[in-house]
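**Q** Structure incoming, see below.
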Amino acid sequence: METNIILCGVGGQGILSISLVIDMTALKQGLAFKQSEVHGMSQRGGSVQSHLRISDRPIWSDLVPRGRGTLILSVEPLESLRYVDLLGPEGAVVTGVEPHVNIPSYPDAERLLDAVASMPQHVLVPAERLARAAGSARAANMVLLGAALPYLGLKAELVEASIAEAFARKGEKVQRVNLDAFRSGRAAGEAYGLCREAGLGGRETRALCSRLAGGVLAPEAAPLWRELFAGPLGAATLELLAGREPGQVGGEPALPRALLDLGQPERLRERLFVARA
Amino acid sequence: MTVSNEMRPLLGDEAVALGAIHAGLSGAYSYPGTPATEILEFVQRETRGGPSAREGGVHCTWSANEKVAYEEALGMSYAGRRALVSFKHVGLNVAADPFMNSAVTGIEGGLVVAVADDPGMHSSQNEQDSRVYAGFALIPCLEPADGQQAYEMTAEGLELSERFRVPVMVRLVTRLAHSRSGVRVGTRRAPNPLAPTPEPMGWVLLPSNARRQYDKLVGKQAALAAWSEGCRWNHLELAGARLGGVRLGVIVSGLAHNYYREALAETPAPPTLRIGAYPIPSELCARLVDAVDEVLVIEEGYPVIEQALRGLLGSPRGKLIHGRLDGRVPRTGELNPDVVRAALGLAALPTQRPPALELPTRLPCLCDGCPHIDTYDVIRDLLAPHAGARVFSDIGCYTLAAYPPYNACHSCVDMGASISMASGAAQAGMRPVIATLGDSTFIHSGITPLVDAAHQNLPMTVFILDNSTVGMTGGQETMVNGEGLASLVRGLGVPAEHVHLLRAHRREHEANLEIVRRELAYEGLSVIIPVRECIQTAKK
């Protein structure tokens, strides 16, 4: 196996702690790894990237060669698109959806997300929201790590052990928050995949996944949501999910089933949101 | 040194530090600078709470600058103990005087100079290649390709240093210094006992002694060359395939070897000479050149090996030499696997197409809440009526004021140059003249030019931005701050009424502006010290 990751984000977003957990797990799994970081000037709010390679054979280059990248793991959407030319044809992009706007010329976030969604393999995760739900927005990086798990070639239980180890110094609460964040990221990554497999469109998938409680979606629910979006209440549902009104959505199949039976849009809002986000 | 099976995830910098500790280190010296900072930081972490060097432990503190660091290391060596001095490539310029002369004095306890070059200038002013310095000083240089080699070469460097009685350079580059990998580590050797040099006259470089010592250094060169030819870090493999129909031989050094082997994943290797130890092994080079029709040299940094092969006449034994000098490899910038792949004539791999969207660049900027922001707000308002006024600046986070919205940094050359260059500009007749530098940069190299400026009472205003840390490199401790800094400045000869300690805060904007405006109008030297802790260290 060989996993070549380009980790990217903005200085100060904690991409180095993602690398740390992956390195520790690779060591536990008996794999070779090389991780190239950039420190110094670029750390101050500028674009940062780190190359991380894991393999069951010796690794030569510290940098990922163009065309050998298997995963872009980004904290936010603009940065996720910068290094696409390093990805091989099968390479995937996993990114947080919340934009980090610290420049005046930041593009329209929806257009960035559409661009990511037009790539052959991608997972978009509301990393900050899920991290906050897990107890701290700073754990967004662990949400992303969870969402990226299928692309890493690492065993989930070993990743969890590494997270526990990496945050042990900071106390039990921080440890638990980061583990919960990782788990909800895993669930959110799976939910995203289920939606896409069921044939939901990019915006519908994003809107639904941005609301799922704990990031969780039951497999049987995905085709029902697709049916709902294709039906007479589809546009209104999308508008509510993508809107500003706070609220979470349950991931069990009973919800889309009930909404499909609803018939008229008047009660959509009260039935849709189970809890305040 | 023997290595065990214990694997530790280490940066290249950390592997250097641990290699030195395990080889019986007694003193580590440095001044922060990317990409070398983590060497001393690791020694600090690894030896925290241990005994002092005198009691068999490791002395480990930041020095005022690289020259001081080097000289402290040299004193440790004089006393018979092993020392490690580390800094970034341009730090060696600051330490060049003791560096060159320590090759002439020779050493007592082993001395390794770990220098981290920054090809591609990720965080630097130039991409000078420290291997040139090693050759200039007539000392050996080891060039690791990965963390394992960084660990082993540093330990071996301390032994070599004692064997040949010269300092030994370990040359890193950014991508190794900041690359983390699993390193198999060994056990810790006991430090050398305190045993000061029995021949102090060799350390007294009066001309009569210096001539004798220099002859000794030159006399060591044949033995160093012989060592390099047989050294395990230099390896010649004459068997190999043709590449693109050409009988090509490849010379590859240091980190470039990684990119080379990566590119050859699916291609049989041509005859190859791998170099990891200098002086350049000329016999090995000759054997490769004789066995092939053309030679490609791949090295990170300057074309050092390539230039040596070409000499003045360009074509040793009638063979073609390719590399940075004929454009086969780009003349400037950092190597990467793709550049090396292209230099070998291998086709690029298929990739995904970037999106059609235009992606704006995201430049580094001062952090929210940074005290420098408040000082630059004052400078901006101050300079508003003086179109074309220039600010001579220096090396640190505050150099970022060169970007909008401030556009208030008009020079950044080397540590301390803000004050000396402002002096020259004031002498030339420029008015107003402003210099800005941080508290750590001031201690590093700003004191001496300020003595000059005070002696001449030059009409200029110097801002010493006191954030009480070395901010850009991650917040290392500094030595003199606040009132101590003001008192130092007064002691250098700046009259007390023109030395102002201010609080860098937006609430003080109007009051600070008023003071500074008065000083700017004064036809003499003023020093303004805006004080507030770095927002990053304050958060810790």
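Residue numbering restarts at 1 for every chain of the structure tokens, chains are lettered A, B, ... in their displayed order, and ligands are numbered from 1 as they appear.
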For chain A, list the residues within 6 Å of chain B, counting only C-alpha atoms, and write the list as a short mmCIF file (atom, residue, chain, number, x, y, z; two decimals) with C-alpha atoms, in the first residue's frame.

**A**
data_model
loop_
_atom_site.label_atom_id
_atom_site.label_comp_id
_atom_site.auth_asym_id
_atom_site.auth_seq_id
_atom_site.Cartn_x
_atom_site.Cartn_y
_atom_site.Cartn_z
CA PHE A 33 6.26 7.31 6.76
CA LYS A 34 7.78 10.63 5.72
CA GLN A 35 6.16 13.92 6.52
CA SER A 36 7.41 17.19 5.14
CA GLU A 37 6.37 20.38 6.95
CA GLY A 40 8.49 29.88 9.69
CA MET A 41 7.24 32.78 7.65
CA SER A 42 4.42 30.97 5.89
CA ARG A 44 1.44 33.55 9.75
CA GLY A 45 -2.02 33.27 8.18
CA GLY A 46 -0.70 32.26 4.77
CA SER A 47 -1.33 29.05 2.82
CA TRP A 60 12.30 7.85 -1.03
CA SER A 61 11.05 11.35 -1.78
CA PRO A 65 5.60 13.63 -6.86
CA GLY A 67 0.63 12.39 -10.22
CA VAL A 84 -5.00 19.32 -7.40
CA ASP A 85 -2.26 18.85 -10.00
CA LEU A 87 -3.21 14.10 -7.52
CA GLY A 88 -3.17 11.00 -9.67
CA PRO A 89 -6.32 10.20 -11.69
#

**Q** Applying 10 Å and only C-alpha atoms, which residues near Arg490 of chain B remain after dropping the ones on its own chain fewer than 6 positions away? List them as a ChimeraX atom specification.

**A** /B:454,484,496-499,527

**Q** Could those selected residues go to a file with C-alpha atoms, as a CSV table (one decimal), in the first residue's frame?

**A**
chain,number,residue,atom,x,y,z
B,454,ALA,CA,24.8,57.6,18.8
B,484,GLY,CA,16.3,46.9,30.5
B,496,ALA,CA,17.7,59.8,27.9
B,497,GLU,CA,15.2,62.5,26.6
B,498,HIS,CA,15.2,60.9,23.2
B,499,VAL,CA,14.7,57.3,24.4
B,527,VAL,CA,15.0,55.5,19.9

**Q** With DSSP run on the backbone, what are the strand (DSSP E or B) residues within segment 35-226 of chain A? I'd like them as a PyMOL selection string.

**A** chain A and resi 35-36+47-55+69-74+87-96+122-125+212

**Q** Just the residues within 9 Å of Ala417 of chain B, please, counting only C-alpha atoms, with nothing from its chain fewer than 5 positions along; format it as a compact mmCIF listing (two decimals) with N, CA, C and O atoms, in the first residue's frame.

**A**
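Everything below was put into result24.txt:
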# COMPACT_ATOMS: atom_id res chain seq x y z
N PHE B 392 13.68 51.70 6.90
CA PHE B 392 14.68 50.63 6.82
C PHE B 392 14.29 49.59 7.85
O PHE B 392 14.19 49.89 9.04
N SER B 393 14.07 48.36 7.39
CA SER B 393 13.59 47.38 8.34
C SER B 393 14.56 46.21 8.44
O SER B 393 15.71 46.30 7.97
N ASP B 394 14.11 45.15 9.04
CA ASP B 394 15.03 44.09 9.43
C ASP B 394 14.34 42.75 9.33
O ASP B 394 13.31 42.63 8.69
N ILE B 395 14.88 41.75 9.99
CA ILE B 395 14.39 40.39 9.80
C ILE B 395 13.56 39.94 11.00
O ILE B 395 14.04 39.87 12.12
N SER B 411 13.38 48.05 3.26
CA SER B 411 14.61 47.26 3.13
C SER B 411 14.58 46.15 4.18
O SER B 411 14.04 46.32 5.27
N CYS B 412 15.14 45.01 3.79
CA CYS B 412 15.30 43.87 4.70
C CYS B 412 16.46 43.09 4.12
O CYS B 412 16.31 42.44 3.09
N ALA B 422 20.07 52.78 7.77
CA ALA B 422 19.44 54.08 8.06
C ALA B 422 20.52 55.11 8.31
O ALA B 422 20.40 56.27 7.89
N SER B 445 22.25 41.95 16.47
CA SER B 445 23.19 42.72 15.64
C SER B 445 22.85 44.20 15.55
O SER B 445 23.34 44.89 14.66
N GLY B 446 22.02 44.69 16.45
CA GLY B 446 21.62 46.10 16.37
C GLY B 446 22.40 47.00 17.32
O GLY B 446 22.39 48.23 17.17
N PRO B 449 25.71 48.87 15.50
CA PRO B 449 25.40 50.04 14.66
C PRO B 449 24.77 51.19 15.44
O PRO B 449 24.94 52.36 15.05

**Q** Could you name the residues that touch Pro253 of chain A at 10 Å or less, counting only C-alpha atoms, but leaving out those on the same chain fewer than 2 positions away, as a PyMOL selection string?

**A** chain A and resi 217-225+250-251+255-258

**Q** With N, CA and C atoms retained, export the selected residues as an mmCIF file, in the first residue's frame.

**A**
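Saved file selection22.cif follows:
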data_model
loop_
_atom_site.group_PDB
_atom_site.id
_atom_site.type_symbol
_atom_site.label_atom_id
_atom_site.label_comp_id
_atom_site.auth_asym_id
_atom_site.auth_seq_id
_atom_site.Cartn_x
_atom_site.Cartn_y
_atom_site.Cartn_z
ATOM 1 N N LEU A 217 -25.844 9.249 9.136
ATOM 2 C CA LEU A 217 -26.969 8.961 8.244
ATOM 3 C C LEU A 217 -27.087 7.436 8.102
ATOM 4 N N ALA A 218 -28.300 6.911 8.307
ATOM 5 C CA ALA A 218 -28.493 5.468 8.130
ATOM 6 C C ALA A 218 -28.448 5.157 6.635
ATOM 7 N N PRO A 219 -27.846 4.010 6.245
ATOM 8 C CA PRO A 219 -27.731 3.682 4.821
ATOM 9 C C PRO A 219 -29.075 3.681 4.099
ATOM 10 N N GLU A 220 -30.134 3.141 4.763
ATOM 11 C CA GLU A 220 -31.445 3.077 4.080
ATOM 12 C C GLU A 220 -32.059 4.459 3.868
ATOM 13 N N ALA A 221 -31.564 5.450 4.602
ATOM 14 C CA ALA A 221 -32.177 6.779 4.499
ATOM 15 C C ALA A 221 -31.789 7.496 3.213
ATOM 16 N N ALA A 222 -30.576 7.203 2.723
ATOM 17 C CA ALA A 222 -30.082 7.983 1.586
ATOM 18 C C ALA A 222 -30.992 7.938 0.355
ATOM 19 N N PRO A 223 -31.433 6.706 -0.091
ATOM 20 C CA PRO A 223 -32.313 6.692 -1.280
ATOM 21 C C PRO A 223 -33.631 7.418 -1.036
ATOM 22 N N LEU A 224 -34.114 7.400 0.216
ATOM 23 C CA LEU A 224 -35.377 8.102 0.518
ATOM 24 C C LEU A 224 -35.201 9.609 0.379
ATOM 25 N N TRP A 225 -34.043 10.106 0.833
ATOM 26 C CA TRP A 225 -33.775 11.534 0.664
ATOM 27 C C TRP A 225 -33.714 11.901 -0.826
ATOM 28 N N GLY A 250 -32.313 14.542 11.797
ATOM 29 C CA GLY A 250 -31.987 13.176 12.189
ATOM 30 C C GLY A 250 -31.580 12.335 10.984
ATOM 31 N N GLY A 251 -30.742 11.320 11.217
ATOM 32 C CA GLY A 251 -30.215 10.534 10.113
ATOM 33 C C GLY A 251 -30.966 9.239 9.843
ATOM 34 N N LEU A 255 -37.381 9.782 9.037
ATOM 35 C CA LEU A 255 -37.600 11.199 8.723
ATOM 36 C C LEU A 255 -37.938 11.428 7.242
ATOM 37 N N PRO A 256 -37.084 10.992 6.310
ATOM 38 C CA PRO A 256 -37.474 11.227 4.902
ATOM 39 C C PRO A 256 -38.770 10.503 4.548
ATOM 40 N N ARG A 257 -38.984 9.357 5.187
ATOM 41 C CA ARG A 257 -40.228 8.615 4.903
ATOM 42 C C ARG A 257 -41.434 9.446 5.319
ATOM 43 N N ALA A 258 -41.345 10.013 6.508
ATOM 44 C CA ALA A 258 -42.451 10.843 6.998
ATOM 45 C C ALA A 258 -42.647 12.062 6.113
#

**Q** Could you check how far atom CA of Glu533 of chain B sits from atom CA of Lys67 of chain B, in Å to one decimal?

**A**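 These atoms are spaced 26.9 Å apart.
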
**Q** Among the residues of segment 292-330 of chain B, find those DSSP assigns to alpha helix (DSSP H) from the backbone and print them as number ranges by chain.

**A** B: 304-310

**Q** Since we have the selection now, will you write its residues out, keeping all heavy atoms, as an mmCIF file, in the first residue's frame?

**A**
data_model
loop_
_atom_site.group_PDB
_atom_site.id
_atom_site.type_symbol
_atom_site.label_atom_id
_atom_site.label_comp_id
_atom_site.auth_asym_id
_atom_site.auth_seq_id
_atom_site.Cartn_x
_atom_site.Cartn_y
_atom_site.Cartn_z
ATOM 1 N N VAL B 304 27.826 22.674 -6.856
ATOM 2 C CA VAL B 304 29.148 22.573 -6.231
ATOM 3 C C VAL B 304 29.965 21.439 -6.849
ATOM 4 O O VAL B 304 31.093 21.634 -7.304
ATOM 5 C CB VAL B 304 28.997 22.343 -4.705
ATOM 6 C CG1 VAL B 304 30.349 22.076 -4.052
ATOM 7 C CG2 VAL B 304 28.338 23.554 -4.050
ATOM 8 N N ILE B 305 29.360 20.245 -6.894
ATOM 9 C CA ILE B 305 30.060 19.090 -7.463
ATOM 10 C C ILE B 305 30.215 19.294 -8.967
ATOM 11 O O ILE B 305 31.276 19.047 -9.544
ATOM 12 C CB ILE B 305 29.274 17.799 -7.172
ATOM 13 C CG1 ILE B 305 29.124 17.605 -5.652
ATOM 14 C CG2 ILE B 305 29.939 16.599 -7.812
ATOM 15 C CD1 ILE B 305 28.142 16.513 -5.261
ATOM 16 N N GLU B 306 29.125 19.784 -9.575
ATOM 17 C CA GLU B 306 29.138 19.988 -11.027
ATOM 18 C C GLU B 306 30.245 20.959 -11.429
ATOM 19 O O GLU B 306 30.996 20.715 -12.366
ATOM 20 C CB GLU B 306 27.769 20.529 -11.450
ATOM 21 C CG GLU B 306 27.601 20.667 -12.939
ATOM 22 C CD GLU B 306 26.275 21.341 -13.290
ATOM 23 O OE1 GLU B 306 25.460 21.601 -12.370
ATOM 24 O OE2 GLU B 306 26.073 21.621 -14.481
ATOM 25 N N GLN B 307 30.362 22.051 -10.698
ATOM 26 C CA GLN B 307 31.378 23.057 -11.003
ATOM 27 C C GLN B 307 32.778 22.466 -10.820
ATOM 28 O O GLN B 307 33.678 22.717 -11.619
ATOM 29 C CB GLN B 307 31.183 24.278 -10.090
ATOM 30 C CG GLN B 307 32.097 25.445 -10.398
ATOM 31 C CD GLN B 307 31.869 26.011 -11.793
ATOM 32 O OE1 GLN B 307 30.792 26.532 -12.081
ATOM 33 N NE2 GLN B 307 32.830 25.877 -12.665
ATOM 34 N N ALA B 308 32.940 21.660 -9.771
ATOM 35 C CA ALA B 308 34.252 21.053 -9.530
ATOM 36 C C ALA B 308 34.616 20.110 -10.673
ATOM 37 O O ALA B 308 35.755 20.081 -11.136
ATOM 38 C CB ALA B 308 34.233 20.300 -8.202
ATOM 39 N N LEU B 309 33.634 19.347 -11.169
ATOM 40 C CA LEU B 309 33.882 18.436 -12.291
ATOM 41 C C LEU B 309 34.244 19.196 -13.547
ATOM 42 O O LEU B 309 35.168 18.841 -14.265
ATOM 43 C CB LEU B 309 32.609 17.641 -12.598
ATOM 44 C CG LEU B 309 32.331 16.336 -11.880
ATOM 45 C CD1 LEU B 309 31.094 15.703 -12.501
ATOM 46 C CD2 LEU B 309 33.508 15.377 -11.997
ATOM 47 N N ARG B 310 33.524 20.274 -13.827
ATOM 48 C CA ARG B 310 33.744 21.060 -15.047
ATOM 49 C C ARG B 310 35.050 21.816 -14.997
ATOM 50 O O ARG B 310 35.686 22.024 -16.015
ATOM 51 C CB ARG B 310 32.619 22.081 -15.224
ATOM 52 C CG ARG B 310 31.341 21.522 -15.747
ATOM 53 C CD ARG B 310 30.277 22.610 -15.711
ATOM 54 N NE ARG B 310 29.071 22.195 -16.389
ATOM 55 C CZ ARG B 310 28.754 22.546 -17.642
ATOM 56 N NH1 ARG B 310 29.540 23.328 -18.325
ATOM 57 N NH2 ARG B 310 27.623 22.115 -18.185
#

**Q** Mind checking which residues fall within 9 Å of Ser74 of chain A, counting only C-alpha atoms, ignoring those fewer than 6 positions away in the same chain, and posting them as a VMD selection string?

**A** chain A and resid 6 to 9 15 49 80 to 81 93 to 96 141 144

**Q** Just the residues within 9 Å of Ser526 of chain B, please, counting only C-alpha atoms, with nothing from its chain fewer than 5 positions along; format it as a count of residues only.

**A** 16

**Q** Just to confirm, what's the straight-line distance from atom CA of Gly333 of chain B to atom CA of Met121 of chain B in Å (one decimal)?

**A**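 These two atoms are separated by 7.7 Å.
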
**Q** Excluding Ser77 of chain B and residues on its chain fewer than 3 positions from it, collect all residues at most 12 Å away from it, counting only C-alpha atoms, and give them as a PyMOL selection string.

**A** chain B and resi 25-28+70-74+80-85+102+105-112+158+161-162+165-167+191-197+203

**Q** Measuring atom to atom with only C-alpha atoms, identify which of B:Asp414, B:Glu14, B:Glu523, B:Asp215 is nearest to Gln148 of chain B.

**A**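 Checking each of B:Asp414, B:Glu14, B:Glu523, B:Asp215 against Gln148 of chain B, counting only C-alpha atoms, the winner is B:Glu14.
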
**Q** Between A:Gln264, A:Gln13, A:Thr205, A:Thr237, which has the minimum distance to Asp114 of chain A (counting only C-alpha atoms)?

**A**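 Smallest distance to Asp114 of chain A is found for A:Thr205.
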
**Q** Point out the residue among A:Val10, A:Ile18, A:Leu238, A:Ala117 with the least atom-to-atom distance to Val143 of chain A, counting only C-alpha atoms.

**A**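 Closest to Val143 of chain A, using only C-alpha atoms: A:Ile18.
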
**Q** To one decimal in Å, tell me the separation between atom CA of Glu41 of chain B and atom CA of Val58 of chain B.

**A**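 Between atom CA of Glu41 of chain B and atom CA of Val58 of chain B the gap is 12.9 Å.
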